[in-house]
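Structure below is final38.cif: mmCIF, C-alpha atoms.
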```
data_target
#
loop_
_atom_site.label_atom_id
_atom_site.label_comp_id
_atom_site.auth_asym_id
_atom_site.auth_seq_id
_atom_site.Cartn_x
_atom_site.Cartn_y
_atom_site.Cartn_z
CA MET A 246 70.71 139.33 86.26
CA ASP A 247 70.20 138.95 82.53
CA SER A 248 70.30 135.54 80.89
CA LEU A 249 73.66 136.10 79.18
CA SER A 250 75.35 136.86 82.51
CA GLN A 251 73.82 133.76 84.10
CA ILE A 252 74.85 131.54 81.18
CA ALA A 253 78.40 132.92 81.28
CA LEU A 254 78.62 132.47 85.05
CA GLY A 255 77.32 128.90 84.96
CA ALA A 256 79.69 127.92 82.17
CA SER A 257 82.71 129.52 83.85
CA VAL A 258 81.95 127.86 87.18
CA GLY A 259 81.52 124.48 85.45
CA ILE A 260 84.82 124.81 83.62
CA ALA A 261 86.64 125.86 86.79
CA VAL A 262 85.35 122.88 88.81
CA MET A 263 85.58 120.15 86.16
CA CYS A 264 88.73 121.22 84.32
CA GLY A 265 90.62 123.61 86.59
CA SER A 266 92.17 120.93 88.73
CA ARG A 267 91.90 117.17 88.99
CA ALA A 268 91.50 114.90 91.95
CA ALA A 269 94.00 112.08 92.11
CA GLY A 270 93.08 109.33 89.70
CA SER A 271 90.14 111.17 88.09
CA ARG A 272 89.78 111.38 84.34
CA ARG A 273 89.76 114.84 82.83
CA THR A 274 86.55 115.79 81.03
CA ALA A 275 86.37 117.75 77.78
CA VAL A 276 85.92 121.46 78.45
CA TRP A 277 82.78 121.74 76.29
CA LYS A 278 80.83 119.46 78.63
CA PRO A 279 80.91 121.64 81.77
CA ALA A 280 80.57 124.74 79.57
CA LEU A 281 77.39 123.33 78.01
CA TRP A 282 75.89 122.11 81.29
CA GLY A 283 76.88 125.33 83.02
CA ALA A 284 74.94 127.29 80.43
CA VAL A 285 71.94 124.98 80.90
CA CYS A 286 72.04 125.15 84.71
CA GLY A 287 72.55 128.89 84.54
CA THR A 288 69.30 129.14 82.60
CA LEU A 289 67.16 126.64 84.51
CA PRO A 290 66.03 128.82 87.44
CA ASP A 291 64.71 131.53 85.13
CA LEU A 292 62.38 129.14 83.33
CA ASP A 293 59.83 130.11 85.99
CA VAL A 294 59.03 133.14 83.82
CA PHE A 295 56.93 130.77 81.70
CA VAL A 296 54.71 129.95 84.68
CA ASP A 297 51.51 132.02 84.65
CA HIS A 298 50.37 132.66 88.22
CA GLY A 299 47.10 134.25 87.13
CA ASP A 300 47.81 137.96 86.81
CA ALA A 301 50.63 140.45 86.22
CA ILE A 302 51.23 141.26 89.89
CA ARG A 303 51.48 137.61 90.92
CA ASN A 304 53.82 136.95 88.00
CA MET A 305 56.10 139.73 89.26
CA VAL A 306 56.20 138.88 92.95
CA LEU A 307 56.36 135.09 92.47
CA HIS A 308 59.28 135.23 90.03
CA ARG A 309 62.54 134.20 91.71
CA SER A 310 60.76 132.09 94.30
CA GLU A 311 60.98 128.25 94.51
CA SER A 312 63.10 128.00 91.37
CA HIS A 313 65.65 130.32 93.00
CA ALA A 314 65.61 128.75 96.48
CA LEU A 315 69.00 127.42 97.60
CA PHE A 316 67.38 124.42 99.32
CA TRP A 317 65.41 123.22 96.29
CA LEU A 318 68.32 123.80 93.90
CA SER A 319 70.56 121.78 96.22
CA VAL A 320 68.02 118.96 96.18
CA LEU A 321 67.90 119.08 92.38
CA SER A 322 71.69 119.08 92.01
CA LEU A 323 72.21 115.43 93.02
CA PRO A 324 69.93 113.65 90.50
CA LEU A 325 70.90 116.13 87.78
CA ALA A 326 74.60 115.55 88.38
CA ALA A 327 74.07 111.78 88.41
CA LEU A 328 72.23 112.00 85.10
CA ILE A 329 75.01 114.09 83.52
CA ALA A 330 77.78 111.80 84.79
CA ARG A 331 75.94 108.72 83.50
CA LEU A 332 75.18 110.38 80.17
CA HIS A 333 78.86 111.16 79.54
CA GLY A 334 80.15 107.84 80.87
CA GLU A 335 81.99 109.62 83.69
CA TRP A 336 80.43 107.93 86.71
CA ALA A 337 83.83 107.80 88.42
CA SER A 338 83.70 111.60 88.55
CA TRP A 339 80.09 111.93 89.70
CA ARG A 340 81.06 113.64 92.97
CA ARG A 341 82.91 116.31 91.07
CA TRP A 342 79.96 116.66 88.72
CA TRP A 343 77.73 117.03 91.78
CA LEU A 344 79.87 119.87 93.12
CA ALA A 345 79.95 121.53 89.70
CA VAL A 346 76.19 121.25 89.13
CA TRP A 347 75.42 122.49 92.65
CA LEU A 348 77.62 125.55 92.13
CA MET A 349 76.20 126.15 88.65
CA LEU A 350 72.69 126.20 90.12
CA VAL A 351 73.16 128.11 93.39
CA THR A 352 75.34 130.86 91.94
CA HIS A 353 72.35 131.89 89.80
CA PRO A 354 70.13 133.06 92.69
CA LEU A 355 73.10 134.37 94.64
CA LEU A 356 73.94 136.64 91.71
CA ASP A 357 70.29 137.62 91.32
CA ALA A 358 70.25 138.61 94.99
CA MET A 359 72.83 141.29 94.22
CA THR A 360 70.18 143.13 92.18
CA VAL A 361 67.33 145.09 93.77
CA TYR A 362 64.42 142.95 92.50
CA GLY A 363 64.10 140.46 95.36
CA THR A 364 65.07 136.76 95.41
CA ARG A 365 63.54 134.27 97.83
CA LEU A 366 66.76 132.45 98.61
CA LEU A 367 65.63 130.66 101.76
CA LEU A 368 62.36 129.04 100.73
CA PRO A 369 60.75 126.92 102.13
CA PHE A 370 62.01 128.22 105.51
CA THR A 371 61.15 131.88 104.94
CA ASP A 372 59.30 133.80 102.24
CA GLN A 373 61.57 136.84 102.66
CA PRO A 374 62.91 138.24 99.35
CA TYR A 375 66.55 139.36 99.43
CA GLY A 376 68.00 142.08 97.24
CA VAL A 377 71.31 143.88 97.87
CA GLY A 378 70.70 146.23 94.96
CA SER A 379 74.36 147.00 94.24
CA ILE A 380 74.35 145.99 90.57
CA PHE A 381 72.00 146.67 87.68
CA ILE A 382 70.34 143.70 85.98
CA ILE A 383 72.60 144.24 82.92
CA ASP A 384 76.18 145.36 83.52
CA PRO A 385 78.82 144.68 80.85
CA LEU A 386 81.70 145.11 83.29
CA TYR A 387 80.43 142.09 85.19
CA THR A 388 79.58 139.93 82.18
CA VAL A 389 82.47 140.57 79.77
CA PRO A 390 85.24 139.02 81.94
CA LEU A 391 83.17 135.85 82.29
CA LEU A 392 82.50 135.68 78.56
CA VAL A 393 86.13 136.30 77.58
CA GLY A 394 87.53 133.80 80.08
CA GLY A 395 84.96 131.11 79.32
CA LEU A 396 85.25 131.42 75.55
CA TRP A 397 89.04 131.44 75.77
CA ALA A 398 88.99 128.19 77.73
CA LEU A 399 86.44 126.69 75.33
CA PHE A 400 88.24 127.56 72.09
CA ALA A 401 91.64 126.70 73.58
CA ARG A 402 90.16 123.28 74.40
CA GLY A 403 91.06 123.45 78.07
CA SER A 404 94.68 124.50 77.66
CA ALA A 405 96.47 125.85 80.72
CA ALA A 406 96.25 129.39 79.34
CA GLY A 407 92.55 129.01 78.66
CA LEU A 408 91.82 127.69 82.14
CA LYS A 409 93.79 130.55 83.67
CA ALA A 410 91.76 133.01 81.60
CA ASN A 411 88.55 131.39 82.82
CA ALA A 412 89.71 131.62 86.43
CA ALA A 413 90.71 135.24 85.92
CA GLY A 414 87.25 136.01 84.54
CA LEU A 415 85.63 134.56 87.65
CA VAL A 416 87.97 136.49 89.94
CA LEU A 417 87.42 139.79 88.10
CA SER A 418 83.64 139.44 87.97
CA THR A 419 83.48 138.56 91.67
CA ALA A 420 85.76 141.47 92.52
CA TYR A 421 83.42 143.73 90.54
CA LEU A 422 80.50 142.58 92.68
CA ALA A 423 82.50 143.42 95.79
CA TRP A 424 83.34 146.82 94.33
CA SER A 425 79.66 147.48 93.63
CA ALA A 426 78.77 146.83 97.27
CA LEU A 427 81.54 149.17 98.47
CA ALA A 428 80.46 151.90 96.04
CA GLN A 429 76.85 151.48 97.16
CA ALA A 430 77.83 151.90 100.82
CA HIS A 431 79.86 155.02 99.96
CA VAL A 432 76.95 156.63 98.10
CA GLU A 433 74.49 155.72 100.84
CA ARG A 434 76.63 157.50 103.42
CA ILE A 435 76.74 160.64 101.28
CA ALA A 436 73.01 160.43 100.59
CA ARG A 437 72.08 160.12 104.24
CA GLU A 438 74.32 163.06 105.15
CA SER A 439 72.79 165.17 102.37
CA LEU A 440 69.23 164.27 103.38
CA GLN A 441 69.92 165.12 106.99
CA ALA A 442 71.51 168.45 106.01
CA GLN A 443 68.40 169.29 103.94
CA GLY A 444 66.06 168.47 106.81
CA VAL A 445 64.60 165.34 105.22
CA LYS A 446 63.61 162.83 107.90
CA ALA A 447 63.86 159.69 105.82
CA THR A 448 62.61 156.44 107.30
CA GLN A 449 63.98 154.36 104.40
CA VAL A 450 66.83 155.02 101.96
CA LEU A 451 67.41 152.94 98.83
CA VAL A 452 70.63 153.22 96.80
CA THR A 453 70.83 151.43 93.44
CA PRO A 454 73.00 151.86 90.34
CA THR A 455 71.57 153.32 87.17
CA ALA A 456 71.56 151.27 83.99
CA PHE A 457 74.69 149.41 82.86
CA ASN A 458 77.17 150.89 85.38
CA THR A 459 78.25 151.38 88.98
CA VAL A 460 79.39 154.99 88.61
CA LEU A 461 76.03 156.79 88.65
CA TRP A 462 73.66 155.87 91.49
CA ARG A 463 69.99 156.58 92.13
CA VAL A 464 68.78 157.31 95.65
CA VAL A 465 65.16 157.04 96.83
CA ALA A 466 64.31 158.28 100.33
CA ILE A 467 60.90 157.65 101.90
CA GLU A 468 59.51 160.37 104.16
CA GLY A 469 55.90 159.71 105.10
CA ASP A 470 53.68 160.58 102.14
CA ARG A 471 56.62 161.83 100.08
CA TYR A 472 59.60 160.24 98.41
CA HIS A 473 62.77 162.02 97.40
CA GLU A 474 64.78 161.02 94.33
CA GLY A 475 68.37 162.05 93.72
CA PHE A 476 71.40 160.96 91.72
CA ARG A 477 75.03 160.69 92.71
CA SER A 478 77.99 160.06 90.44
CA LEU A 479 81.26 158.88 91.92
CA LEU A 480 82.77 161.73 89.87
CA ASP A 481 80.66 164.45 91.51
CA GLY A 482 83.43 165.46 93.87
CA ALA A 483 82.34 167.49 96.90
CA ARG A 484 79.14 168.77 95.29
CA PRO A 485 76.14 168.11 97.61
CA MET A 486 73.33 165.87 96.41
CA GLN A 487 70.12 167.40 95.12
CA PHE A 488 66.74 165.74 95.55
CA ASP A 489 63.34 166.13 93.93
CA ALA A 490 60.28 165.42 96.08
CA PHE A 491 57.14 163.60 94.90
CA LEU A 492 53.92 162.52 96.56
CA ARG A 493 53.38 158.83 97.30
CA GLY A 494 49.58 159.12 97.21
CA LEU A 495 49.00 157.35 100.51
CA SER A 496 45.60 159.07 100.76
CA LEU A 497 44.44 156.46 98.24
CA MET A 498 45.49 153.56 100.46
CA PRO A 499 42.21 153.21 102.44
CA ALA A 500 40.31 152.65 99.19
CA LEU A 501 42.93 150.27 97.73
CA GLN A 502 44.14 148.35 100.77
CA PRO A 503 41.47 145.61 100.48
CA ILE A 504 42.84 144.72 97.03
CA GLU A 505 45.21 141.76 97.31
CA GLY A 506 47.55 142.96 94.57
CA VAL A 507 48.13 146.29 96.32
CA GLN A 508 49.32 144.58 99.47
CA ARG A 509 51.48 142.20 97.44
CA VAL A 510 53.31 145.06 95.69
CA ALA A 511 53.62 147.06 98.93
CA ASP A 512 55.20 144.09 100.71
CA PHE A 513 57.38 142.95 97.81
CA SER A 514 58.75 146.47 97.23
CA ARG A 515 59.62 146.69 100.93
CA GLY A 516 57.63 149.91 101.21
CA TYR A 517 59.11 151.62 98.14
CA PHE A 518 55.86 152.21 96.28
CA LYS A 519 53.53 155.00 95.27
CA LEU A 520 49.82 155.21 94.51
CA HIS A 521 48.47 157.56 91.87
CA GLU A 522 45.65 158.16 89.44
CA GLU A 523 45.93 157.87 85.67
CA GLY A 524 42.63 159.00 84.25
CA ALA A 525 39.95 156.90 85.90
CA ARG A 526 42.43 154.20 86.92
CA LEU A 527 44.20 153.86 90.26
CA VAL A 528 47.77 152.63 89.92
CA ILE A 529 50.43 151.21 92.24
CA THR A 530 54.09 151.50 91.21
CA ASP A 531 57.24 149.83 92.52
CA LEU A 532 59.71 152.71 92.96
CA ARG A 533 62.84 150.55 93.01
CA MET A 534 63.18 149.78 89.29
CA GLY A 535 63.18 152.79 86.99
CA GLN A 536 63.24 156.49 87.74
CA GLU A 537 60.70 159.27 87.77
CA PRO A 538 58.42 159.23 85.78
CA THR A 539 59.07 155.83 84.10
CA TYR A 540 59.04 152.58 86.06
CA THR A 541 59.30 148.94 85.04
CA PHE A 542 56.57 147.66 87.34
CA SER A 543 53.39 149.69 87.51
CA PHE A 544 49.90 148.19 87.75
CA ALA A 545 46.38 149.56 87.35
CA VAL A 546 44.52 147.88 90.20
CA ALA A 547 41.17 149.74 90.30
CA GLU A 548 38.92 152.17 88.48
CA ARG A 549 37.48 155.28 90.05
CA HIS A 550 33.70 155.44 89.97
CA SER A 551 31.69 156.43 93.03
CA GLN A 552 34.30 154.33 94.83
CA ALA A 553 37.33 152.30 93.84
CA ALA A 554 36.29 149.21 91.86
CA PRO A 555 39.05 146.55 91.66
CA LEU A 556 40.31 145.58 88.23
CA GLN A 557 40.36 141.81 87.70
CA PRO A 558 43.00 141.05 86.69
CA PRO A 559 45.27 144.07 87.35
CA VAL A 560 46.74 145.66 84.23
CA ALA A 561 50.52 146.03 83.83
CA GLN A 562 51.40 149.60 82.87
CA GLY A 563 55.17 149.65 83.24
CA ARG A 564 57.08 151.97 80.92
CA ARG A 565 60.66 152.31 79.81
CA PRO A 566 62.47 155.63 79.33
CA ASP A 567 63.08 157.06 75.88
CA PRO A 568 66.65 155.89 75.08
CA GLN A 569 67.31 158.93 72.88
CA ARG A 570 66.91 161.13 75.95
CA ALA A 571 67.91 158.77 78.74
CA LEU A 572 71.22 157.40 77.41
CA PRO A 573 72.91 160.77 76.64
CA TRP A 574 71.84 162.05 80.06
CA LEU A 575 73.09 158.86 81.73
CA TRP A 576 76.52 159.15 80.12
CA ARG A 577 76.97 162.85 80.84
CA ARG A 578 75.61 162.63 84.37
CA ALA A 579 77.88 159.65 85.16
CA LEU A 580 80.85 161.79 84.13
CA GLY A 581 79.87 164.34 86.78
CA GLU A 582 77.90 166.96 84.83
CA PRO A 583 75.25 168.50 87.12
CA LEU A 584 72.34 167.79 84.79
CA PRO A 585 68.71 167.49 85.92
CA PRO A 586 67.21 164.07 85.17
CA PRO A 587 64.99 163.77 82.12
CA ARG A 588 61.33 163.97 83.14
#
```

Rewrite the coordinates I just gave you, this time as structure tokens.
Amino acid sequence: MDSLSQIALGASVGIAVMCGSRAAGSRRTAVWKPALWGAVCGTLPDLDVFVDHGDAIRNMVLHRSESHALFWLSVLSLPLAALIARLHGEWASWRRWWLAVWLMLVTHPLLDAMTVYGTRLLLPFTDQPYGVGSIFIIDPLYTVPLLVGGLWALFARGSAAGLKANAAGLVLSTAYLAWSALAQAHVERIARESLQAQGVKATQVLVTPTAFNTVLWRVVAIEGDRYHEGFRSLLDGARPMQFDAFLRGLSLMPALQPIEGVQRVADFSRGYFKLHEEGARLVITDLRMGQEPTYTFSFAVAERHSQAAPLQPPVAQGRRPDPQRALPWLWRRALGEPLPPPR
């Protein structure tokens, strides 16, 4: 998720643990302390973006790895909590600080895992990236309750009303995550039924929300050397889904398979990728983030001469849609208008 959401989540969790209730005999801490440290801990895992792994593909696939692993964050939580408790002269409450810091840290990757990107939660035991894909990386309906509740508690200086508002923000944001998973399952059922009715023998089906909402969903279905893209609004009623078919370019795979970056993207995308030519360059694209024809992660990995010559390093070629076209379409399509996607 975006940094603001992670900061708001960390701060709200910290306030809830350190100020929401008190163990017998413990001294209450000022609300700004867990809010501040929650914001810090909510940011810490994403500092891995400043690590250069050598090229654009490695930087993509190795983001959300060790810094997002539940094991390593749990290990970090104890000395960090001890440092915070000592710094504030609250050593008597170090166990509560430990619980707060641990939750501040581990909720970051758990929230990230609800997006489609891929988070390696279980390192060092497995390198498998996890991604539910039920929420977009920026969604105001998730973030706003956390911000309102946390700020209310902060400016009310930990009053009972402020702490209740903070707790309500956590409950609402968590309920929204649950709603997103239910909506995703509903759309996936409709998508699979529509694909089957249209004779598409999909081996993989991906359902993710479009930008900033959980009303309009994008569906990608893999069928051999083709992929099918369709959109479904929860306000579409009984109207069947429509899909556009595109080539995946798998005929280029024999020439590109020896290139390490190609295999990395193919594995990291869980098979949702395409290969294509742009001029003399051969490009691999992760189909999960974006929509046809603009994708966030696209990499030129070779140049076409007499044969494919690898580019060292690969060149990032991701593009973003034109907001003047994409946002009006997004709004109208989410409301149920049967509009073709902007191409």

Query raised in the report: For the atom pair atom CA of Val465 of chain A and atom CA of Asp512 of chain A, what is the interatomic distance in Å to one decimal place?
Result: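 Those two atoms sit 16.8 Å apart.
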
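The gap separating atom CA of Ser257 of chain A from atom CA of Val351 of chain A is 13.6 Å, in Å to one decimal.
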
Report task. Would you kindly return, as a list in words, each protein, DNA or RNA residue with an atom no farther than 8 Å from any atom of Gln557 of chain A, considering all atoms listed in the file and excluding same-chain residues fewer than 2 positions away? Result -> Val546, Pro555 and Pro559 of chain A

Query raised in the report: Skipping near chain neighbours, those fewer than 5 positions away, what residues fall within 10 Å of Leu497 of chain A using only C-alpha atoms, listed as a PyMOL selection string?
Result: chain A and resi 502+519-522+527-529+553

Query raised in the report: Quick one: distance from atom CA of Ala261 of chain A to atom CA of Trp339 of chain A in Å, one decimal?
Result: 15.7 Å

Requested in this report: Compile the contact shell of Gly581 of chain A as a PyMOL selection string: residues with an atom at most 9 Å away, counting all atoms listed in the file, same-chain residues fewer than 6 positions apart removed.
Outcome: chain A and resi 461+477-482

Generate the output file for the selected residues, C-alpha atoms, as an mmCIF file, keeping the file's coordinate frame.
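File produced: again-v6.cif:
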```cif
data_model
loop_
_atom_site.group_PDB
_atom_site.id
_atom_site.type_symbol
_atom_site.label_atom_id
_atom_site.label_comp_id
_atom_site.auth_asym_id
_atom_site.auth_seq_id
_atom_site.Cartn_x
_atom_site.Cartn_y
_atom_site.Cartn_z
ATOM 1 C CA LEU A 461 76.030 156.790 88.650
ATOM 2 C CA ARG A 477 75.030 160.690 92.710
ATOM 3 C CA SER A 478 77.990 160.060 90.440
ATOM 4 C CA LEU A 479 81.260 158.880 91.920
ATOM 5 C CA LEU A 480 82.770 161.730 89.870
ATOM 6 C CA ASP A 481 80.660 164.450 91.510
ATOM 7 C CA GLY A 482 83.430 165.460 93.870
#
```

Query - Contact residues around Pro568 of chain A with all atoms listed in the file at 12 Å, ignoring same-chain residues under 6 positions, as number ranges by chain - result: A: 456, 539, 574-576, 587

**Report entry** Result set, the PyMOL selection byres ((chain A and resi 434-447) around 7) on current file, as a ChimeraX atom specification
**Finding:** /A:430-433,448-450,466-468,485-486

Query - Nearest to Ala358 of chain A, chosen from A:Met246, A:Ala327, A:Ile252, A:Val460, with only C-alpha atoms counted in the distances - result: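 Among the listed residues, A:Met246 lies closest to Ala358 of chain A.
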
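Counting all atoms listed in the file, Val389 of chain A has the following residues at most 10 Å away, ignoring those fewer than 2 positions along the same chain: Leu249, Ser250, Ala253, Asp384, Pro385, Leu386, Tyr387, Leu391, Leu392, Val393, Gly394, Gly395, Gly414, Leu417 and Ser418 of chain A.
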
Can you write just those residues out, C-alpha atoms, as a PDB file, in the frame of the given file?
```pdb
ATOM      1  CA  LEU A 249      73.660 136.100  79.180  1.00  0.00           C
ATOM      2  CA  SER A 250      75.350 136.860  82.510  1.00  0.00           C
ATOM      3  CA  ALA A 253      78.400 132.920  81.280  1.00  0.00           C
ATOM      4  CA  ASP A 384      76.180 145.360  83.520  1.00  0.00           C
ATOM      5  CA  PRO A 385      78.820 144.680  80.850  1.00  0.00           C
ATOM      6  CA  LEU A 386      81.700 145.110  83.290  1.00  0.00           C
ATOM      7  CA  TYR A 387      80.430 142.090  85.190  1.00  0.00           C
ATOM      8  CA  LEU A 391      83.170 135.850  82.290  1.00  0.00           C
ATOM      9  CA  LEU A 392      82.500 135.680  78.560  1.00  0.00           C
ATOM     10  CA  VAL A 393      86.130 136.300  77.580  1.00  0.00           C
ATOM     11  CA  GLY A 394      87.530 133.800  80.080  1.00  0.00           C
ATOM     12  CA  GLY A 395      84.960 131.110  79.320  1.00  0.00           C
ATOM     13  CA  GLY A 414      87.250 136.010  84.540  1.00  0.00           C
ATOM     14  CA  LEU A 417      87.420 139.790  88.100  1.00  0.00           C
ATOM     15  CA  SER A 418      83.640 139.440  87.970  1.00  0.00           C
TER      16      SER A 418
END
```

Requested in this report: Using the chain letters and residue numbers of this document, give as a list in words the residues selected by the PyMOL selection byres ((chain A and resi 537) around 10).
Outcome: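 Output of the PyMOL selection byres ((chain A and resi 537) around 10): Glu474, Asp489, Phe491, Leu532, Met534, Gly535, Gln536, Pro538, Thr539, Tyr540, Pro566, Pro586, Pro587 and Arg588 of chain A.
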
Query raised in the report: Given the choices A:Val507, A:Leu556, A:Ala413, A:Ala500, which gets closest to Ile302 of chain A if the distance is worked out from all atoms listed in the file?
Result: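 Of A:Val507, A:Leu556, A:Ala413, A:Ala500, the one nearest Ile302 of chain A, counting all atoms listed in the file, is A:Val507.
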
Going by the chain IDs and residue numbers used in this file, which residues fall under the PyMOL selection byres ((chain A and resi 531) around 6)? Write them as a PDB file with C-alpha atoms, in the coordinates of the input.
```
ATOM      1  CA  SER A 514      58.750 146.470  97.230  1.00  0.00           C
ATOM      2  CA  PHE A 518      55.860 152.210  96.280  1.00  0.00           C
ATOM      3  CA  THR A 530      54.090 151.500  91.210  1.00  0.00           C
ATOM      4  CA  LEU A 532      59.710 152.710  92.960  1.00  0.00           C
ATOM      5  CA  ARG A 533      62.840 150.550  93.010  1.00  0.00           C
ATOM      6  CA  PHE A 542      56.570 147.660  87.340  1.00  0.00           C
TER       7      PHE A 542
END
```

Requested in this report: Give the answer as one residue: which of A:Thr453, A:Arg331, A:Asp293, A:Met349 has the shortest atom-to-atom distance to Ala280 of chain A, using only C-alpha atoms?
Outcome: A:Met349

Requested in this report: Name the closest residue to Phe544 of chain A among the candidates A:Val296, A:Val510, A:Ala571, A:Val464; distances are taken between atoms, counting all atoms listed in the file.
Outcome: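 Smallest separation from Phe544 of chain A among the options: A:Val510.
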
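The smallest atom-to-atom distance between Thr288 of chain A and any of A:Gly494, A:Gly255, A:Gly475, A:Pro503, using all atoms listed in the file, is found for A:Gly255.
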
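Nearest to Thr352 of chain A of all the residues A:Cys286, A:Ala412, A:Leu396, A:Val294 is A:Cys286, counting all atoms listed in the file.
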
Each segment 368-467 of chain A residue no farther than 10 Å from segment 310-323 of chain A, nearest pair in Å, all atoms listed in the file, as a Markdown table:
```
| residue | atom | partner | partner_atom | distance |
| --- | --- | --- | --- | --- |
| A:Leu368 | CA | A:Ala314 | CA | 5.4 |
| A:Pro369 | CA | A:Phe316 | CA | 7.6 |
| A:Phe370 | CA | A:Phe316 | CA | 9.0 |
| A:Asp372 | CA | A:Ser310 | CA | 8.3 |
| A:Gln373 | CA | A:Ser310 | CA | 9.6 |
| A:Pro374 | CA | A:Ser310 | CA | 8.2 |
```
